[in-house]
file start-v9.cif (mmCIF, C-alpha atoms and all ligand atoms)
data_target
loop_
_atom_site.label_atom_id
_atom_site.label_comp_id
_atom_site.auth_asym_id
_atom_site.auth_seq_id
_atom_site.Cartn_x
_atom_site.Cartn_y
_atom_site.Cartn_z
CA MET A 1353 20.82 -2.54 -51.86
CA THR A 1354 17.87 -0.61 -50.39
CA GLN A 1355 16.91 -2.00 -47.01
CA ARG A 1356 13.31 -3.16 -46.87
CA TYR A 1357 10.87 -2.72 -44.01
CA CYS A 1358 7.11 -3.04 -43.80
CA VAL A 1359 4.05 -3.09 -41.59
CA PHE A 1360 2.05 -6.32 -41.44
CA GLY A 1361 -1.65 -6.15 -40.65
CA HIS A 1362 -5.04 -7.37 -41.82
CA PRO A 1363 -6.50 -5.08 -42.99
CA VAL A 1364 -3.56 -2.74 -43.42
CA GLY A 1365 -4.61 -0.34 -46.17
CA HIS A 1366 -5.46 2.42 -43.70
CA SER A 1367 -2.09 2.22 -41.91
CA LYS A 1368 -0.22 5.49 -41.45
CA SER A 1369 3.06 3.66 -40.82
CA PRO A 1370 4.39 3.89 -44.43
CA LEU A 1371 3.93 7.66 -44.38
CA ILE A 1372 5.50 8.00 -40.93
CA HIS A 1373 8.57 5.92 -41.77
CA ALA A 1374 9.04 7.60 -45.15
CA GLU A 1375 9.15 10.92 -43.31
CA PHE A 1376 11.60 9.56 -40.70
CA ALA A 1377 13.85 8.20 -43.46
CA HIS A 1378 13.80 11.48 -45.35
CA GLN A 1379 14.55 13.45 -42.23
CA THR A 1380 17.49 11.25 -41.16
CA HIS A 1381 18.86 10.77 -44.71
CA GLN A 1382 18.34 7.01 -44.68
CA THR A 1383 17.59 5.09 -47.85
CA ILE A 1384 14.92 2.57 -46.96
CA GLU A 1385 11.81 1.15 -48.56
CA TYR A 1386 8.75 0.74 -46.31
CA SER A 1387 5.54 -0.87 -47.49
CA ALA A 1388 2.24 -2.17 -46.07
CA ILE A 1389 1.67 -5.90 -46.41
CA GLU A 1390 -1.66 -7.62 -45.79
CA ALA A 1391 -0.60 -11.00 -44.41
CA PRO A 1392 -3.01 -13.94 -44.70
CA LEU A 1393 -4.92 -14.47 -41.45
CA ASP A 1394 -3.84 -18.11 -41.24
CA ASP A 1395 -0.16 -17.74 -42.14
CA PHE A 1396 1.60 -14.80 -40.56
CA ALA A 1397 4.81 -16.80 -40.11
CA GLY A 1398 4.87 -17.58 -43.84
CA ALA A 1399 4.40 -13.92 -44.75
CA TRP A 1400 7.30 -12.92 -42.50
CA ARG A 1401 9.53 -15.69 -43.89
CA ARG A 1402 8.87 -14.64 -47.49
CA PHE A 1403 9.54 -11.01 -46.61
CA VAL A 1404 12.91 -11.88 -45.07
CA GLU A 1405 13.84 -14.11 -48.04
CA GLY A 1406 13.08 -11.12 -50.27
CA GLY A 1407 15.57 -8.93 -48.38
CA GLY A 1408 13.35 -7.63 -45.57
CA ARG A 1409 15.29 -6.28 -42.57
CA GLY A 1410 12.48 -5.54 -40.13
CA ALA A 1411 8.77 -4.94 -39.72
CA ASN A 1412 6.07 -3.39 -37.66
CA VAL A 1413 3.21 -5.66 -36.73
CA THR A 1414 -0.33 -4.51 -36.10
CA VAL A 1415 -3.74 -6.05 -35.48
CA PRO A 1416 -4.31 -9.00 -35.48
CA PHE A 1417 -0.77 -10.43 -35.65
CA LYS A 1418 1.05 -9.20 -32.53
CA GLN A 1419 0.71 -12.55 -30.74
CA GLU A 1420 1.72 -14.54 -33.83
CA ALA A 1421 4.76 -12.29 -34.18
CA PHE A 1422 5.61 -12.93 -30.53
CA ALA A 1423 5.38 -16.68 -31.12
CA LEU A 1424 7.81 -16.79 -34.06
CA CYS A 1425 10.69 -14.82 -32.53
CA ASP A 1426 14.01 -16.47 -31.67
CA THR A 1427 14.80 -13.76 -29.12
CA LEU A 1428 12.49 -11.34 -27.31
CA SER A 1429 13.08 -8.09 -25.47
CA HIS A 1430 12.11 -7.80 -21.86
CA ARG A 1431 9.19 -5.52 -22.67
CA ALA A 1432 7.93 -7.87 -25.41
CA LEU A 1433 8.03 -10.74 -22.93
CA ARG A 1434 6.06 -8.68 -20.43
CA ALA A 1435 3.54 -7.62 -23.08
CA GLY A 1436 3.16 -11.10 -24.56
CA ALA A 1437 3.05 -9.34 -27.90
CA VAL A 1438 5.48 -8.01 -30.52
CA ASN A 1439 4.99 -4.91 -32.67
CA THR A 1440 8.56 -4.69 -34.00
CA LEU A 1441 10.49 -7.46 -35.76
CA ILE A 1442 14.18 -7.22 -36.55
CA VAL A 1443 16.33 -9.56 -38.61
CA GLY A 1444 19.44 -10.17 -36.55
CA GLY A 1445 22.67 -12.09 -37.10
CA ASN A 1446 22.38 -15.52 -38.77
CA GLY A 1447 18.88 -14.59 -39.95
CA ARG A 1448 17.49 -14.90 -36.44
CA THR A 1449 14.34 -12.93 -35.63
CA TYR A 1450 14.38 -10.54 -32.69
CA GLY A 1451 11.07 -9.18 -31.34
CA ASP A 1452 10.40 -6.06 -29.34
CA ASN A 1453 7.34 -4.07 -28.29
CA THR A 1454 7.51 -0.28 -28.55
CA ASP A 1455 3.79 0.46 -28.02
CA GLY A 1456 3.91 1.15 -24.28
CA MET A 1457 7.08 3.19 -24.55
CA GLY A 1458 5.39 5.10 -27.38
CA LEU A 1459 2.62 6.16 -25.04
CA VAL A 1460 5.05 7.13 -22.29
CA ARG A 1461 7.11 9.21 -24.74
CA ASP A 1462 3.95 10.88 -26.03
CA LEU A 1463 3.05 11.84 -22.46
CA ALA A 1464 6.53 13.31 -22.05
CA TYR A 1465 6.15 15.19 -25.36
CA HIS A 1466 2.99 16.84 -24.01
CA ARG A 1467 4.60 17.42 -20.60
CA VAL A 1468 2.07 15.24 -18.82
CA ALA A 1469 3.54 14.45 -15.41
CA VAL A 1470 3.64 10.73 -14.76
CA LYS A 1471 6.02 10.64 -11.83
CA ASP A 1472 3.97 10.76 -8.60
CA ALA A 1473 0.71 10.93 -10.58
CA ARG A 1474 -2.40 8.93 -9.71
CA ILE A 1475 -3.20 7.03 -12.88
CA LEU A 1476 -6.31 5.10 -13.89
CA VAL A 1477 -5.97 2.62 -16.74
CA VAL A 1478 -9.26 1.43 -18.23
CA GLY A 1479 -9.13 -1.98 -19.92
CA ALA A 1480 -7.06 -5.09 -19.40
CA GLY A 1481 -6.42 -6.45 -22.89
CA GLY A 1482 -3.25 -6.72 -24.94
CA ALA A 1483 -2.78 -2.97 -25.34
CA VAL A 1484 -2.84 -2.41 -21.58
CA ARG A 1485 -0.55 -5.35 -20.88
CA GLY A 1486 2.06 -3.73 -23.14
CA LEU A 1487 1.72 -0.38 -21.41
CA LEU A 1488 2.10 -1.30 -17.76
CA GLU A 1489 5.85 -1.89 -17.51
CA PRO A 1490 6.91 1.36 -19.24
CA LEU A 1491 4.30 3.25 -17.22
CA LEU A 1492 5.29 1.81 -13.84
CA ASN A 1493 8.96 2.49 -14.65
CA GLU A 1494 8.11 6.22 -14.57
CA ALA A 1495 7.32 5.95 -10.84
CA PRO A 1496 3.69 7.07 -10.65
CA ALA A 1497 2.16 7.33 -7.15
CA ALA A 1498 -0.27 4.53 -8.01
CA VAL A 1499 -1.84 2.81 -10.99
CA ALA A 1500 -5.39 1.44 -10.81
CA VAL A 1501 -6.54 -0.88 -13.59
CA VAL A 1502 -10.29 -1.35 -14.09
CA ASN A 1503 -11.95 -3.61 -16.58
CA ARG A 1504 -15.41 -4.86 -17.56
CA THR A 1505 -14.15 -8.37 -16.79
CA ALA A 1506 -12.73 -7.69 -13.33
CA ALA A 1507 -10.69 -10.91 -13.15
CA LYS A 1508 -8.48 -9.77 -16.06
CA ALA A 1509 -7.64 -6.49 -14.28
CA GLU A 1510 -6.91 -8.38 -11.07
CA ALA A 1511 -4.61 -10.77 -12.93
CA LEU A 1512 -2.71 -7.88 -14.54
CA ALA A 1513 -2.26 -6.15 -11.19
CA ALA A 1514 -0.86 -9.39 -9.76
CA ASP A 1515 1.52 -9.85 -12.72
CA PHE A 1516 2.94 -6.33 -12.45
CA SER A 1517 2.85 -5.87 -8.68
CA GLY A 1518 6.65 -6.19 -8.44
CA LEU A 1519 7.11 -2.97 -10.43
CA GLY A 1520 5.12 -0.52 -8.32
CA LEU A 1521 1.84 0.18 -6.57
CA ILE A 1522 -0.85 -1.30 -8.82
CA THR A 1523 -4.39 -2.47 -8.10
CA GLY A 1524 -6.95 -4.14 -10.35
CA GLY A 1525 -10.70 -4.70 -10.28
CA GLY A 1526 -14.07 -4.02 -11.82
CA PHE A 1527 -15.62 -0.57 -12.38
CA GLU A 1528 -17.49 -0.80 -9.07
CA THR A 1529 -14.13 -0.70 -7.23
CA LEU A 1530 -13.41 2.82 -8.54
CA ALA A 1531 -13.01 5.48 -5.88
CA GLY A 1532 -11.46 8.92 -5.85
CA SER A 1533 -10.12 10.95 -8.71
CA TYR A 1534 -7.09 10.62 -10.99
CA ASP A 1535 -4.51 12.91 -12.58
CA LEU A 1536 -4.41 10.82 -15.74
CA VAL A 1537 -7.08 8.47 -17.08
CA ILE A 1538 -5.97 6.25 -19.97
CA ASN A 1539 -8.61 4.49 -22.04
CA GLY A 1540 -7.02 1.26 -23.25
CA THR A 1541 -10.26 -0.50 -24.14
CA SER A 1542 -11.46 -1.09 -27.66
CA ALA A 1543 -14.89 0.23 -26.57
CA SER A 1544 -14.42 3.34 -28.74
CA LEU A 1545 -14.48 1.11 -31.80
CA SER A 1546 -18.07 0.16 -31.07
CA GLY A 1547 -18.94 3.67 -29.94
CA ASP A 1548 -19.28 2.53 -26.31
CA LEU A 1549 -18.20 4.44 -23.25
CA PRO A 1550 -16.61 2.66 -20.30
CA PRO A 1551 -18.83 3.24 -17.21
CA LEU A 1552 -16.69 5.80 -15.35
CA PRO A 1553 -18.00 8.04 -12.56
CA ASP A 1554 -18.45 11.75 -13.35
CA ASP A 1555 -15.87 12.79 -10.76
CA VAL A 1556 -13.08 10.51 -12.02
CA PHE A 1557 -10.89 13.45 -13.09
CA ALA A 1558 -8.82 15.38 -10.55
CA LYS A 1559 -8.30 19.10 -11.15
CA ARG A 1560 -6.36 19.68 -14.39
CA ALA A 1561 -6.34 15.97 -15.12
CA TRP A 1562 -5.57 14.45 -18.50
CA ALA A 1563 -7.75 12.04 -20.47
CA TYR A 1564 -5.79 9.88 -22.91
CA ASP A 1565 -7.38 7.56 -25.46
CA MET A 1566 -5.00 4.97 -26.90
CA MET A 1567 -7.25 4.94 -29.97
CA TYR A 1568 -7.36 7.74 -32.48
CA SER A 1569 -9.69 8.69 -35.27
CA SER A 1570 -10.37 11.82 -37.28
CA GLU A 1571 -13.24 12.65 -34.89
CA PRO A 1572 -12.67 12.70 -31.11
CA THR A 1573 -13.47 9.29 -29.60
CA VAL A 1574 -16.57 8.89 -27.43
CA PHE A 1575 -14.30 8.73 -24.39
CA LEU A 1576 -12.68 12.08 -25.20
CA GLN A 1577 -16.08 13.59 -26.04
CA TRP A 1578 -17.21 12.52 -22.59
CA ALA A 1579 -14.03 13.67 -20.81
CA GLY A 1580 -13.86 17.18 -22.30
CA PRO A 1581 -16.96 18.64 -20.57
CA ARG A 1582 -15.75 17.09 -17.30
CA GLY A 1583 -12.71 19.33 -17.31
CA ALA A 1584 -10.00 16.99 -18.54
CA ARG A 1585 -7.29 17.96 -20.98
CA LEU A 1586 -7.49 15.63 -23.97
CA LEU A 1587 -4.99 13.48 -25.89
CA ASP A 1588 -5.66 10.78 -28.46
CA GLY A 1589 -3.45 7.92 -29.61
CA LEU A 1590 -1.98 9.61 -32.68
CA GLY A 1591 1.11 10.78 -30.79
CA MET A 1592 1.55 7.29 -29.39
CA LEU A 1593 1.45 5.91 -32.93
CA VAL A 1594 4.18 8.30 -34.04
CA GLU A 1595 6.34 7.66 -30.97
CA GLN A 1596 6.14 3.87 -31.18
CA ALA A 1597 7.14 4.19 -34.83
CA ALA A 1598 10.11 6.39 -33.89
CA GLU A 1599 11.18 3.81 -31.33
CA SER A 1600 10.99 1.04 -33.95
CA PHE A 1601 12.93 3.18 -36.43
CA PHE A 1602 15.60 3.68 -33.80
CA LEU A 1603 15.84 -0.07 -33.20
CA TRP A 1604 16.32 -0.71 -36.91
CA ARG A 1605 18.48 2.23 -37.93
CA ASN A 1606 20.13 3.37 -34.70
CA VAL A 1607 19.08 6.99 -35.28
CA ARG A 1608 16.30 8.69 -33.41
CA PRO A 1609 14.03 10.77 -35.66
CA GLU A 1610 12.26 13.96 -34.59
CA THR A 1611 8.57 13.25 -34.09
CA SER A 1612 7.12 16.76 -34.28
CA PRO A 1613 7.30 17.12 -38.11
CA VAL A 1614 5.37 13.85 -38.49
CA ARG A 1615 2.83 14.89 -35.88
CA ASP A 1616 2.21 18.08 -37.88
CA LEU A 1617 1.96 16.12 -41.11
CA LEU A 1618 -0.65 13.71 -39.74
CA ARG A 1619 -2.85 16.33 -38.08
P1 LIG B 1701 -6.45 -4.87 -27.34
O1 LIG B 1701 -5.37 -5.68 -27.99
O2 LIG B 1701 -6.88 -3.68 -28.15
O3 LIG B 1701 -6.16 -4.53 -25.93
P2 LIG B 1701 -8.21 -6.92 -26.38
O4 LIG B 1701 -7.05 -7.66 -25.85
O5 LIG B 1701 -9.29 -7.65 -27.11
O6 LIG B 1701 -7.75 -5.80 -27.41
O7 LIG B 1701 -8.86 -6.07 -25.18
C1 LIG B 1701 -9.96 -5.25 -25.35
C2 LIG B 1701 -10.24 -4.51 -24.06
O8 LIG B 1701 -11.33 -3.60 -24.25
C3 LIG B 1701 -10.65 -5.40 -22.90
O9 LIG B 1701 -10.22 -4.79 -21.71
C4 LIG B 1701 -12.19 -5.37 -23.00
O10 LIG B 1701 -12.86 -5.70 -21.81
P3 LIG B 1701 -13.12 -7.24 -21.43
O11 LIG B 1701 -11.81 -7.80 -20.96
O12 LIG B 1701 -14.16 -7.20 -20.36
O13 LIG B 1701 -13.61 -7.90 -22.70
C5 LIG B 1701 -12.39 -3.93 -23.35
N1 LIG B 1701 -13.68 -3.64 -24.01
C6 LIG B 1701 -14.00 -3.94 -25.28
N2 LIG B 1701 -15.24 -3.48 -25.57
C7 LIG B 1701 -15.71 -2.89 -24.43
C8 LIG B 1701 -16.92 -2.23 -24.08
N3 LIG B 1701 -17.92 -2.10 -24.98
N4 LIG B 1701 -17.05 -1.73 -22.82
C9 LIG B 1701 -16.04 -1.88 -21.92
N5 LIG B 1701 -14.88 -2.50 -22.19
C10 LIG B 1701 -14.70 -2.99 -23.43
#

call {"tool": "encode", "arguments": {"input": "start-v9.cif", "output": "structure tokens"}}
result
Amino acid sequence: MTQRYCVFGHPVGHSKSPLIHAEFAHQTHQTIEYSAIEAPLDDFAGAWRRFVEGGGRGANVTVPFKQEAFALCDTLSHRALRAGAVNTLIVGGNGRTYGDNTDGMGLVRDLAYHRVAVKDARILVVGAGGAVRGLLEPLLNEAPAAVAVVNRTAAKAEALAADFSGLGLITGGGFETLAGSYDLVINGTSASLSGDLPPLPDDVFAKRAWAYDMMYSSEPTVFLQWAGPRGARLLDGLGMLVEQAAESFFLWRNVRPETSPVRDLLR
């Protein structure tokens, strides 16, 4: 029987995940079916249960269900526990649900793909929401020199820095605490969605620094439009999307697909 997978979201029509996983399956000679399912806002658990009853083996989870997915799991990976959110569901033995979070690792792998040095780098992370929470453990595991987290609501950045302080040198605060320049500036806010720019100083980029937006769109985000003329090299979140998908595919199928053909396809 064909093994079924899907992405749950609301809305989900725009999701690139079905295309990405179809390409991974083709490339690795796996026979799977992967669809996009718009789960009802008030019953994610029911949507997952029905999917499993219908033969579903695993799923990706996107906005706004990552916390609901976290809540329904029987077992959670370390990184999902740290993130407080699940983007990958797996049906395990006895029908138990295992949850993992591959988003942060996806970003770290995308940085590696583009040969962005993380080890010993000075990194600024802008934002302190769910996306950033999922990123910090994989990022700190790469041994950067220091990670500074800044956020509009300073208390949330301070809380994150306290939560992750055991994993490396990390500080948190409001934008007014920003000083010095960084080798890598990651925009993890959803400000791009509303066309807003986080209030960063003009000299935030060190020489040959990278600007990374966890969002992607067909046009460069306002953050990348701002960073380009200030000398930064630019990356958007499309590579992260492909890499987190590859990591999920690996968890389900135990084969690691090549990501470059899918990157080419999506560009
Ligand atoms: P996500 O799951 O995408 O991380 P989230 O948890 O709602 O979403 O977090 C959104 C992040 O973007 C937060 O850091 C938020 O700042 P606040 O904590 O102060 O709300 C940030 N953000 C959203 N819109 C912003 C804007 N216009 N300017 C600056 N920061 C913004």

call {"tool": "residues_around", "arguments": {"input": "start-v9.cif", "residues": "region 1384-1395 of chain A", "least_positions_apart": "6", "cutoff": "12 Å", "atoms": "only C-alpha atoms", "output": "PyMOL selection string"}}
result
chain A and resi 1353-1378+1401-1403+1407-1418+1420-1421+1424+1601+1604-1605

call {"tool": "closest_atom_pairs", "arguments": {"input": "start-v9.cif", "of": "chain A", "to": "ligand LIG 1701 (chain B)", "cutoff": "9 Å", "atoms": "only C-alpha atoms and all ligand atoms", "output": "CSV"}}
result
residue,atom,partner,partner_atom,distance
A:Val1415,CA,B:LIG1701,O1,7.7
A:Pro1416,CA,B:LIG1701,O1,8.3
A:Lys1418,CA,B:LIG1701,O1,8.6
A:Val1478,CA,B:LIG1701,O9,7.2
A:Gly1479,CA,B:LIG1701,O9,3.5
A:Ala1480,CA,B:LIG1701,O9,3.9
A:Gly1481,CA,B:LIG1701,O4,3.3
A:Gly1482,CA,B:LIG1701,O3,3.8
A:Ala1483,CA,B:LIG1701,O3,3.8
A:Val1484,CA,B:LIG1701,O3,5.9
A:Arg1485,CA,B:LIG1701,O3,7.6
A:Gly1486,CA,B:LIG1701,O3,8.7
A:Val1502,CA,B:LIG1701,O9,8.4
A:Asn1503,CA,B:LIG1701,O9,5.5
A:Arg1504,CA,B:LIG1701,O12,3.9
A:Thr1505,CA,B:LIG1701,O12,3.8
A:Ala1506,CA,B:LIG1701,O12,7.2
A:Ala1507,CA,B:LIG1701,O11,8.5
A:Lys1508,CA,B:LIG1701,O11,6.2
A:Ala1509,CA,B:LIG1701,O11,8.0
A:Asn1539,CA,B:LIG1701,O8,8.8
A:Gly1540,CA,B:LIG1701,O3,6.4
A:Thr1541,CA,B:LIG1701,O8,3.3
A:Ser1542,CA,B:LIG1701,O8,4.2
A:Ala1543,CA,B:LIG1701,N2,3.9
A:Ser1544,CA,B:LIG1701,N3,7.5
A:Leu1545,CA,B:LIG1701,N2,7.8
A:Ser1546,CA,B:LIG1701,N3,6.5
A:Gly1547,CA,B:LIG1701,N3,7.7
A:Asp1548,CA,B:LIG1701,N3,5.0
A:Leu1549,CA,B:LIG1701,N4,6.3
A:Pro1550,CA,B:LIG1701,C9,4.9
A:Pro1551,CA,B:LIG1701,C9,7.5
A:Met1566,CA,B:LIG1701,O2,8.9
A:Met1567,CA,B:LIG1701,O2,8.8

call {"tool": "closest_residue", "arguments": {"input": "start-v9.cif", "among": "A:Val1574, A:Glu1610, A:Ser1600, A:Glu1510", "to": "Val1438 (chain A)", "atoms": "all atoms listed in the file"}}
result
A:Ser1600

call {"tool": "atom_distance", "arguments": {"input": "start-v9.cif", "atom1": "CA of Ala1399 (chain A)", "atom2": "CA of Gly1444 (chain A)"}}
result
17.5 Å

call {"tool": "atom_distance", "arguments": {"input": "start-v9.cif", "atom1": "CA of Ile1538 (chain A)", "atom2": "CA of Tyr1564 (chain A)"}}
result
4.7 Å

call {"tool": "atom_distance", "arguments": {"input": "start-v9.cif", "atom1": "CA of Asp1426 (chain A)", "atom2": "CA of Leu1603 (chain A)"}}
result
16.6 Å
